[in-house]
>>> print(open('upload_0.json').read())   # JSON, C-alpha atoms
[["chain", "number", "residue", "atom", "x", "y", "z"],
["A", 68, "MET", "CA", 81.90, 111.10, 108.64],
["A", 69, "ILE", "CA", 83.89, 109.10, 111.17],
["A", 70, "GLU", "CA", 87.04, 107.16, 110.25],
["A", 71, "GLU", "CA", 88.32, 104.76, 112.88],
["A", 72, "THR", "CA", 91.66, 102.93, 112.67],
["A", 73, "VAL", "CA", 91.44, 99.29, 113.76],
["A", 74, "GLU", "CA", 93.67, 96.24, 114.11],
["A", 75, "PHE", "CA", 92.76, 92.61, 113.56],
["A", 76, "SER", "CA", 94.63, 89.31, 113.44],
["A", 77, "SER", "CA", 95.36, 86.99, 110.52],
["A", 78, "GLU", "CA", 97.55, 83.91, 111.06],
["A", 79, "GLY", "CA", 99.21, 85.58, 114.03],
["A", 80, "LEU", "CA", 99.90, 88.82, 112.12],
["A", 81, "GLN", "CA", 98.39, 92.15, 113.17],
["A", 82, "LEU", "CA", 96.81, 93.85, 110.18],
["A", 83, "GLU", "CA", 95.53, 97.40, 109.93],
["A", 84, "GLY", "CA", 92.22, 98.64, 108.67],
["A", 85, "VAL", "CA", 89.92, 101.66, 108.71],
["A", 86, "LEU", "CA", 86.21, 101.70, 109.48],
["A", 87, "SER", "CA", 84.29, 104.58, 107.90],
["A", 88, "TYR", "CA", 80.72, 105.47, 108.80],
["A", 89, "LYS", "CA", 78.50, 108.50, 108.94],
["A", 90, "GLU", "CA", 77.00, 108.24, 112.40],
["A", 91, "ASP", "CA", 76.36, 104.76, 113.72],
["A", 92, "LEU", "CA", 78.84, 101.88, 113.64],
["A", 93, "ARG", "CA", 76.00, 99.57, 114.62],
["A", 94, "CYS", "CA", 74.38, 99.89, 111.20],
["A", 95, "ASP", "CA", 74.00, 96.36, 109.88],
["A", 96, "ARG", "CA", 74.68, 97.15, 106.21],
["A", 97, "LYS", "CA", 78.42, 96.61, 105.94],
["A", 98, "VAL", "CA", 80.77, 96.93, 102.98],
["A", 99, "LEU", "CA", 84.14, 95.17, 102.94],
["A", 100, "LEU", "CA", 86.57, 96.77, 100.49],
["A", 101, "CYS", "CA", 89.38, 94.55, 99.21],
["A", 102, "PRO", "CA", 92.41, 96.41, 97.77],
["A", 103, "PRO", "CA", 94.41, 95.59, 94.63],
["A", 104, "HIS", "CA", 97.78, 93.83, 94.41],
["A", 105, "PRO", "CA", 100.48, 95.31, 96.70],
["A", 106, "ASN", "CA", 103.20, 94.99, 94.04],
["A", 107, "LEU", "CA", 101.08, 97.17, 91.75],
["A", 108, "GLY", "CA", 100.67, 99.91, 94.32],
["A", 109, "GLY", "CA", 97.66, 98.38, 96.00],
["A", 110, "ASN", "CA", 96.76, 99.44, 99.52],
["A", 111, "MET", "CA", 93.76, 100.63, 101.49],
["A", 112, "ASP", "CA", 94.41, 104.26, 100.50],
["A", 113, "ASN", "CA", 94.37, 103.50, 96.79],
["A", 114, "ASN", "CA", 92.36, 106.11, 94.88],
["A", 115, "VAL", "CA", 89.50, 103.72, 94.07],
["A", 116, "ILE", "CA", 89.31, 102.02, 97.47],
["A", 117, "LEU", "CA", 89.45, 105.31, 99.39],
["A", 118, "ALA", "CA", 86.78, 106.92, 97.22],
["A", 119, "LEU", "CA", 84.52, 103.88, 97.62],
["A", 120, "ALA", "CA", 84.97, 103.84, 101.39],
["A", 121, "ARG", "CA", 83.98, 107.45, 101.81],
["A", 122, "MET", "CA", 81.06, 107.60, 99.37],
["A", 123, "GLN", "CA", 79.42, 104.44, 100.73],
["A", 124, "ALA", "CA", 79.92, 105.66, 104.31],
["A", 125, "GLU", "CA", 78.40, 109.06, 103.52],
["A", 126, "ASN", "CA", 75.35, 107.22, 102.20],
["A", 127, "GLY", "CA", 74.64, 105.14, 105.26],
["A", 128, "PHE", "CA", 76.88, 102.08, 104.98],
["A", 129, "VAL", "CA", 79.64, 101.05, 107.37],
["A", 130, "THR", "CA", 82.74, 100.39, 105.28],
["A", 131, "MET", "CA", 86.01, 98.69, 106.10],
["A", 132, "ARG", "CA", 89.17, 98.89, 104.06],
["A", 133, "PHE", "CA", 92.36, 97.12, 105.07],
["A", 134, "ASN", "CA", 95.97, 96.40, 104.17],
["A", 135, "TYR", "CA", 97.13, 92.90, 103.38],
["A", 136, "ARG", "CA", 100.12, 91.45, 105.21],
["A", 137, "GLY", "CA", 103.33, 93.38, 104.63],
["A", 138, "VAL", "CA", 101.53, 96.49, 103.37],
["A", 139, "GLY", "CA", 101.57, 99.76, 105.30],
["A", 140, "LYS", "CA", 101.54, 98.96, 109.02],
["A", 141, "SER", "CA", 100.27, 95.42, 108.54],
["A", 142, "GLN", "CA", 102.76, 92.86, 109.79],
["A", 143, "SER", "CA", 104.50, 90.30, 107.59],
["A", 144, "HIS", "CA", 106.27, 87.00, 108.10],
["A", 145, "TYR", "CA", 109.12, 88.39, 105.99],
["A", 146, "LYS", "CA", 111.95, 90.53, 107.31],
["A", 147, "ASP", "CA", 112.40, 93.15, 104.61],
["A", 148, "PHE", "CA", 110.89, 94.78, 101.54],
["A", 149, "ALA", "CA", 112.69, 92.51, 99.07],
["A", 150, "GLU", "CA", 111.42, 89.29, 100.69],
["A", 151, "ASN", "CA", 107.94, 90.70, 101.01],
["A", 152, "TYR", "CA", 107.91, 91.78, 97.36],
["A", 153, "LYS", "CA", 109.08, 88.33, 96.29],
["A", 154, "TYR", "CA", 106.31, 86.72, 98.33],
["A", 155, "TRP", "CA", 103.65, 88.83, 96.66],
["A", 156, "GLU", "CA", 105.03, 87.94, 93.23],
["A", 157, "THR", "CA", 104.00, 84.34, 93.95],
["A", 158, "THR", "CA", 100.34, 85.37, 94.16],
["A", 159, "PHE", "CA", 99.96, 86.30, 90.50],
["A", 160, "GLY", "CA", 97.85, 84.01, 88.31],
["A", 161, "ASP", "CA", 96.23, 81.58, 90.79],
["A", 162, "GLY", "CA", 99.53, 81.27, 92.61],
["A", 163, "ASN", "CA", 100.08, 81.28, 96.35],
["A", 164, "LEU", "CA", 96.78, 82.86, 97.44],
["A", 165, "GLU", "CA", 96.48, 81.38, 100.93],
["A", 166, "GLY", "CA", 97.91, 84.44, 102.70],
["A", 167, "PRO", "CA", 95.76, 87.16, 101.13],
["A", 168, "LEU", "CA", 92.70, 84.90, 101.30],
["A", 169, "ASN", "CA", 93.23, 84.47, 105.03],
["A", 170, "ASP", "CA", 93.70, 88.23, 105.41],
["A", 171, "THR", "CA", 90.45, 88.89, 103.56],
["A", 172, "LYS", "CA", 88.61, 86.29, 105.63],
["A", 173, "ALA", "CA", 89.92, 87.89, 108.83],
["A", 174, "ALA", "CA", 88.81, 91.33, 107.64],
["A", 175, "LEU", "CA", 85.34, 89.96, 106.86],
["A", 176, "GLU", "CA", 85.07, 88.43, 110.32],
["A", 177, "PHE", "CA", 86.12, 91.72, 111.88],
["A", 178, "ILE", "CA", 83.52, 93.83, 110.09],
["A", 179, "LYS", "CA", 80.87, 91.23, 110.90],
["A", 180, "SER", "CA", 81.81, 91.56, 114.57],
["A", 181, "THR", "CA", 80.83, 95.26, 114.53],
["A", 182, "ALA", "CA", 77.18, 94.39, 113.79],
["A", 183, "THR", "CA", 74.50, 94.33, 116.47],
["A", 184, "GLU", "CA", 72.73, 91.24, 115.18],
["A", 185, "ASP", "CA", 73.81, 87.66, 114.55],
["A", 186, "SER", "CA", 73.31, 87.86, 110.76],
["A", 187, "PRO", "CA", 74.68, 91.17, 109.44],
["A", 188, "ARG", "CA", 74.27, 92.04, 105.77],
["A", 189, "VAL", "CA", 77.72, 92.36, 104.20],
["A", 190, "PHE", "CA", 78.54, 93.43, 100.66],
["A", 191, "VAL", "CA", 82.02, 92.65, 99.37],
["A", 192, "VAL", "CA", 83.61, 95.03, 96.87],
["A", 193, "GLY", "CA", 87.00, 94.10, 95.43],
["A", 194, "TYR", "CA", 89.31, 95.92, 93.06],
["A", 195, "SER", "CA", 91.63, 93.92, 90.76],
["A", 196, "LEU", "CA", 93.31, 91.27, 92.97],
["A", 197, "GLY", "CA", 90.83, 92.34, 95.64],
["A", 198, "ALA", "CA", 88.01, 91.17, 93.39],
["A", 199, "VAL", "CA", 89.56, 87.70, 93.32],
["A", 200, "MET", "CA", 90.02, 87.64, 97.09],
["A", 201, "GLY", "CA", 86.61, 89.07, 97.89],
["A", 202, "MET", "CA", 84.73, 86.74, 95.58],
["A", 203, "LYS", "CA", 86.59, 83.61, 96.68],
["A", 204, "ILE", "CA", 85.73, 84.42, 100.29],
["A", 205, "GLY", "CA", 82.26, 85.80, 99.66],
["A", 206, "VAL", "CA", 80.78, 82.84, 97.77],
["A", 207, "ASN", "CA", 81.04, 80.68, 100.89],
["A", 208, "GLU", "CA", 79.66, 83.19, 103.39],
["A", 209, "ASP", "CA", 75.96, 83.38, 104.20],
["A", 210, "SER", "CA", 76.41, 86.91, 105.54],
["A", 211, "VAL", "CA", 77.63, 88.17, 102.14],
["A", 212, "LYS", "CA", 74.57, 89.21, 100.18],
["A", 213, "ALA", "CA", 76.16, 90.63, 97.00],
["A", 214, "LEU", "CA", 79.55, 90.90, 95.27],
["A", 215, "VAL", "CA", 81.17, 93.70, 93.28],
["A", 216, "GLY", "CA", 84.27, 93.23, 91.15],
["A", 217, "ILE", "CA", 86.10, 96.24, 89.71],
["A", 218, "ALA", "CA", 88.79, 95.50, 87.10],
["A", 219, "THR", "CA", 88.29, 91.82, 87.83],
["A", 220, "PRO", "CA", 91.29, 90.00, 86.27],
["A", 221, "PHE", "CA", 89.38, 87.25, 84.46],
["A", 222, "GLY", "CA", 92.26, 86.49, 82.12],
["A", 223, "ALA", "CA", 94.75, 85.86, 84.92],
["A", 224, "TYR", "CA", 92.74, 83.87, 87.51],
["A", 225, "ASN", "CA", 90.27, 81.00, 87.41],
["A", 226, "PHE", "CA", 86.70, 82.07, 88.26],
["A", 227, "ASP", "CA", 84.94, 78.72, 87.81],
["A", 228, "PHE", "CA", 84.00, 78.86, 91.50],
["A", 229, "LEU", "CA", 81.69, 81.79, 90.71],
["A", 230, "GLU", "CA", 79.63, 80.21, 87.92],
["A", 231, "ALA", "CA", 76.88, 78.76, 90.11],
["A", 232, "TYR", "CA", 76.73, 81.67, 92.57],
["A", 233, "LYS", "CA", 73.16, 82.99, 92.46],
["A", 234, "ARG", "CA", 73.40, 86.14, 94.56],
["A", 235, "PRO", "CA", 73.64, 89.60, 92.93],
["A", 236, "LYS", "CA", 76.93, 90.43, 91.20],
["A", 237, "LEU", "CA", 78.18, 93.66, 89.65],
["A", 238, "PHE", "CA", 81.26, 93.84, 87.43],
["A", 239, "ILE", "CA", 82.87, 97.07, 86.27],
["A", 240, "CYS", "CA", 85.72, 97.10, 83.77],
["A", 241, "SER", "CA", 87.43, 99.65, 81.54],
["A", 242, "ASP", "CA", 88.02, 99.47, 77.80],
["A", 243, "ASN", "CA", 91.77, 99.91, 78.32],
["A", 244, "ASP", "CA", 92.75, 97.65, 81.21],
["A", 245, "PHE", "CA", 96.12, 95.89, 81.23],
["A", 246, "ALA", "CA", 94.83, 93.37, 83.79],
["A", 247, "THR", "CA", 91.82, 92.11, 81.86],
["A", 248, "LYS", "CA", 90.56, 92.50, 78.31],
["A", 249, "VAL", "CA", 86.97, 93.58, 77.74],
["A", 250, "GLU", "CA", 86.36, 90.46, 75.66],
["A", 251, "ASP", "CA", 87.64, 88.21, 78.48],
["A", 252, "THR", "CA", 85.31, 89.97, 80.88],
["A", 253, "LYS", "CA", 82.31, 89.62, 78.56],
["A", 254, "VAL", "CA", 82.94, 85.94, 77.91],
["A", 255, "SER", "CA", 83.55, 85.15, 81.59],
["A", 256, "THR", "CA", 80.57, 87.04, 82.96],
["A", 257, "LYS", "CA", 78.30, 85.47, 80.36],
["A", 258, "LYS", "CA", 78.98, 82.09, 81.99],
["A", 259, "LEU", "CA", 77.81, 83.27, 85.41],
["A", 260, "SER", "CA", 74.40, 82.72, 86.92],
["A", 261, "GLU", "CA", 71.89, 85.55, 87.22],
["A", 262, "PRO", "CA", 71.47, 88.06, 88.73],
["A", 263, "LYS", "CA", 74.49, 89.88, 87.33],
["A", 264, "GLU", "CA", 75.36, 93.22, 85.77],
["A", 265, "LEU", "CA", 78.33, 94.37, 83.68],
["A", 266, "ILE", "CA", 79.33, 98.01, 83.22],
["A", 267, "ILE", "CA", 82.09, 98.89, 80.74],
["A", 268, "LYS", "CA", 83.77, 102.25, 81.24],
["A", 269, "THR", "CA", 85.21, 103.94, 78.16],
["A", 270, "ASN", "CA", 88.21, 106.24, 77.81],
["A", 271, "THR", "CA", 89.75, 105.15, 81.07],
["A", 272, "SER", "CA", 92.30, 102.60, 82.31],
["A", 273, "HIS", "CA", 92.79, 100.02, 85.04],
["A", 274, "PHE", "CA", 93.33, 102.85, 87.53],
["A", 275, "TYR", "CA", 90.14, 104.89, 86.86],
["A", 276, "PHE", "CA", 91.92, 108.18, 87.45],
["A", 277, "GLY", "CA", 89.53, 111.09, 87.23],
["A", 278, "ILE", "CA", 86.33, 109.05, 87.24],
["A", 279, "GLU", "CA", 86.43, 107.73, 90.80],
["A", 280, "GLN", "CA", 83.18, 109.47, 91.76],
["A", 281, "GLU", "CA", 81.36, 108.10, 88.72],
["A", 282, "LEU", "CA", 82.62, 104.62, 89.55],
["A", 283, "CYS", "CA", 81.52, 104.98, 93.17],
["A", 284, "GLN", "CA", 78.06, 106.10, 92.09],
["A", 285, "ASP", "CA", 77.68, 102.90, 90.06],
["A", 286, "VAL", "CA", 78.60, 100.81, 93.08],
["A", 287, "LEU", "CA", 76.39, 102.84, 95.41],
["A", 288, "ARG", "CA", 73.38, 102.44, 93.12],
["A", 289, "PHE", "CA", 73.90, 98.68, 93.00],
["A", 290, "LEU", "CA", 74.27, 98.37, 96.79],
["A", 291, "GLN", "CA", 71.22, 100.52, 97.47],
["A", 292, "GLN", "CA", 69.15, 98.23, 95.26],
["A", 293, "GLN", "CA", 69.89, 95.23, 97.46],
["A", 294, "PRO", "CA", 67.15, 94.42, 100.00]]
>>> encode(input="upload_0.json", output="structure tokens")
Amino acid sequence: MIEETVEFSSEGLQLEGVLSYKEDLRCDRKVLLCPPHPNLGGNMDNNVILALARMQAENGFVTMRFNYRGVGKSQSHYKDFAENYKYWETTFGDGNLEGPLNDTKAALEFIKSTATEDSPRVFVVGYSLGAVMGMKIGVNEDSVKALVGIATPFGAYNFDFLEAYKRPKLFICSDNDFATKVEDTKVSTKKLSEPKELIIKTNTSHFYFGIEQELCQDVLRFLQQQP
């Protein structure tokens, strides 16, 4: 497997990312992986995001994971850790989402640019906050053919924008997640248009420690089913 460090621009900031692929970057089945909230330890090397990147790549997809502004080597408009942390606090609960949305959009445009045809097939997989970002961007993109939300925080953000979305959707949640209750997830996903699938993991938490490979297999199966 090849892992290639890349840079791309978002609102004048240089952000970092990693492309992972088995043999051919030109493969037109792309997976954009959106990481969780930076103030909760979220970055592109998070245990879930890293495991997803490598399993999907080993099975023929080109994956891209990235760091939002102010995370890792990605640039920020703020001068120090304290200011950056304060900025990210404003993004909780449908707050100031413009920055991370622009970062996600820029990452999507970058992975699309690695395709050899004008209409690449992109699947967006987001974890926690990344599920919010990926879905908000993905619903308006013709190139995005399916969405995956892991630990999607239905109780903290408004997902009305997703109700009429008719492309395939997979949601995975745990039975012990501080970010979203199982009942909130069931009620919210019930409102969504078909096709959709919900998987509830038992005896695990928001972080999915120890079951990363099982989680990745669920996502891989779903992506391989897409035409």
>>> closest_residue(input="upload_0.json", among="A:Cys101, A:Val115, A:Ala198, A:Ala223", to="Gly277 in chain A", atoms="all atoms listed in the file")
A:Val115
>>> closest_residue(input="upload_0.json", among="A:Leu86, A:Leu168, A:Cys94, A:Val189", to="Val211 in chain A", atoms="all atoms listed in the file")
A:Val189
>>> residues_around(input="upload_0.json", residues="Asn134 in chain A", least_positions_apart="6", cutoff="6 Å", atoms="only C-alpha atoms", output="number ranges by chain")
A: 83, 110-111
>>> closest_residue(input="upload_0.json", among="A:Lys258, A:Lys212, A:Ser180, A:Ala118", to="Phe276 in chain A", atoms="all atoms listed in the file")
A:Ala118
>>> residues_around(input="upload_0.json", residues="Lys268 in chain A", least_positions_apart="3", cutoff="8 Å", atoms="all atoms listed in the file", output="PyMOL selection string")
chain A and resi 239-242+271
>>> residues_near_point(input="upload_0.json", point="(79.4, 104.7, 113.8)", cutoff="9 Å", atoms="only C-alpha atoms", output="MDAnalysis selection string")
chainID A and resid 68:71 86:94 129
>>> atom_distance(input="upload_0.json", atom1="CA of Phe75 in chain A", atom2="CA of Lys236 in chain A")
27.5 Å
>>> residues_around(input="upload_0.json", residues="range 80-82 of chain A", least_positions_apart="4", cutoff="10 Å", atoms="only C-alpha atoms", output="PyMOL selection string")
chain A and resi 73-76+133-144+170+173-174
>>> residues_near_point(input="upload_0.json", point="(81.0, 100.7, 103.1)", cutoff="6 Å", atoms="only C-alpha atoms", output="number ranges by chain")
A: 97-98, 120, 123-124, 128-130
>>> atom_distance(input="upload_0.json", atom1="CA of Ile204 in chain A", atom2="CA of Gly216 in chain A")
12.8 Å
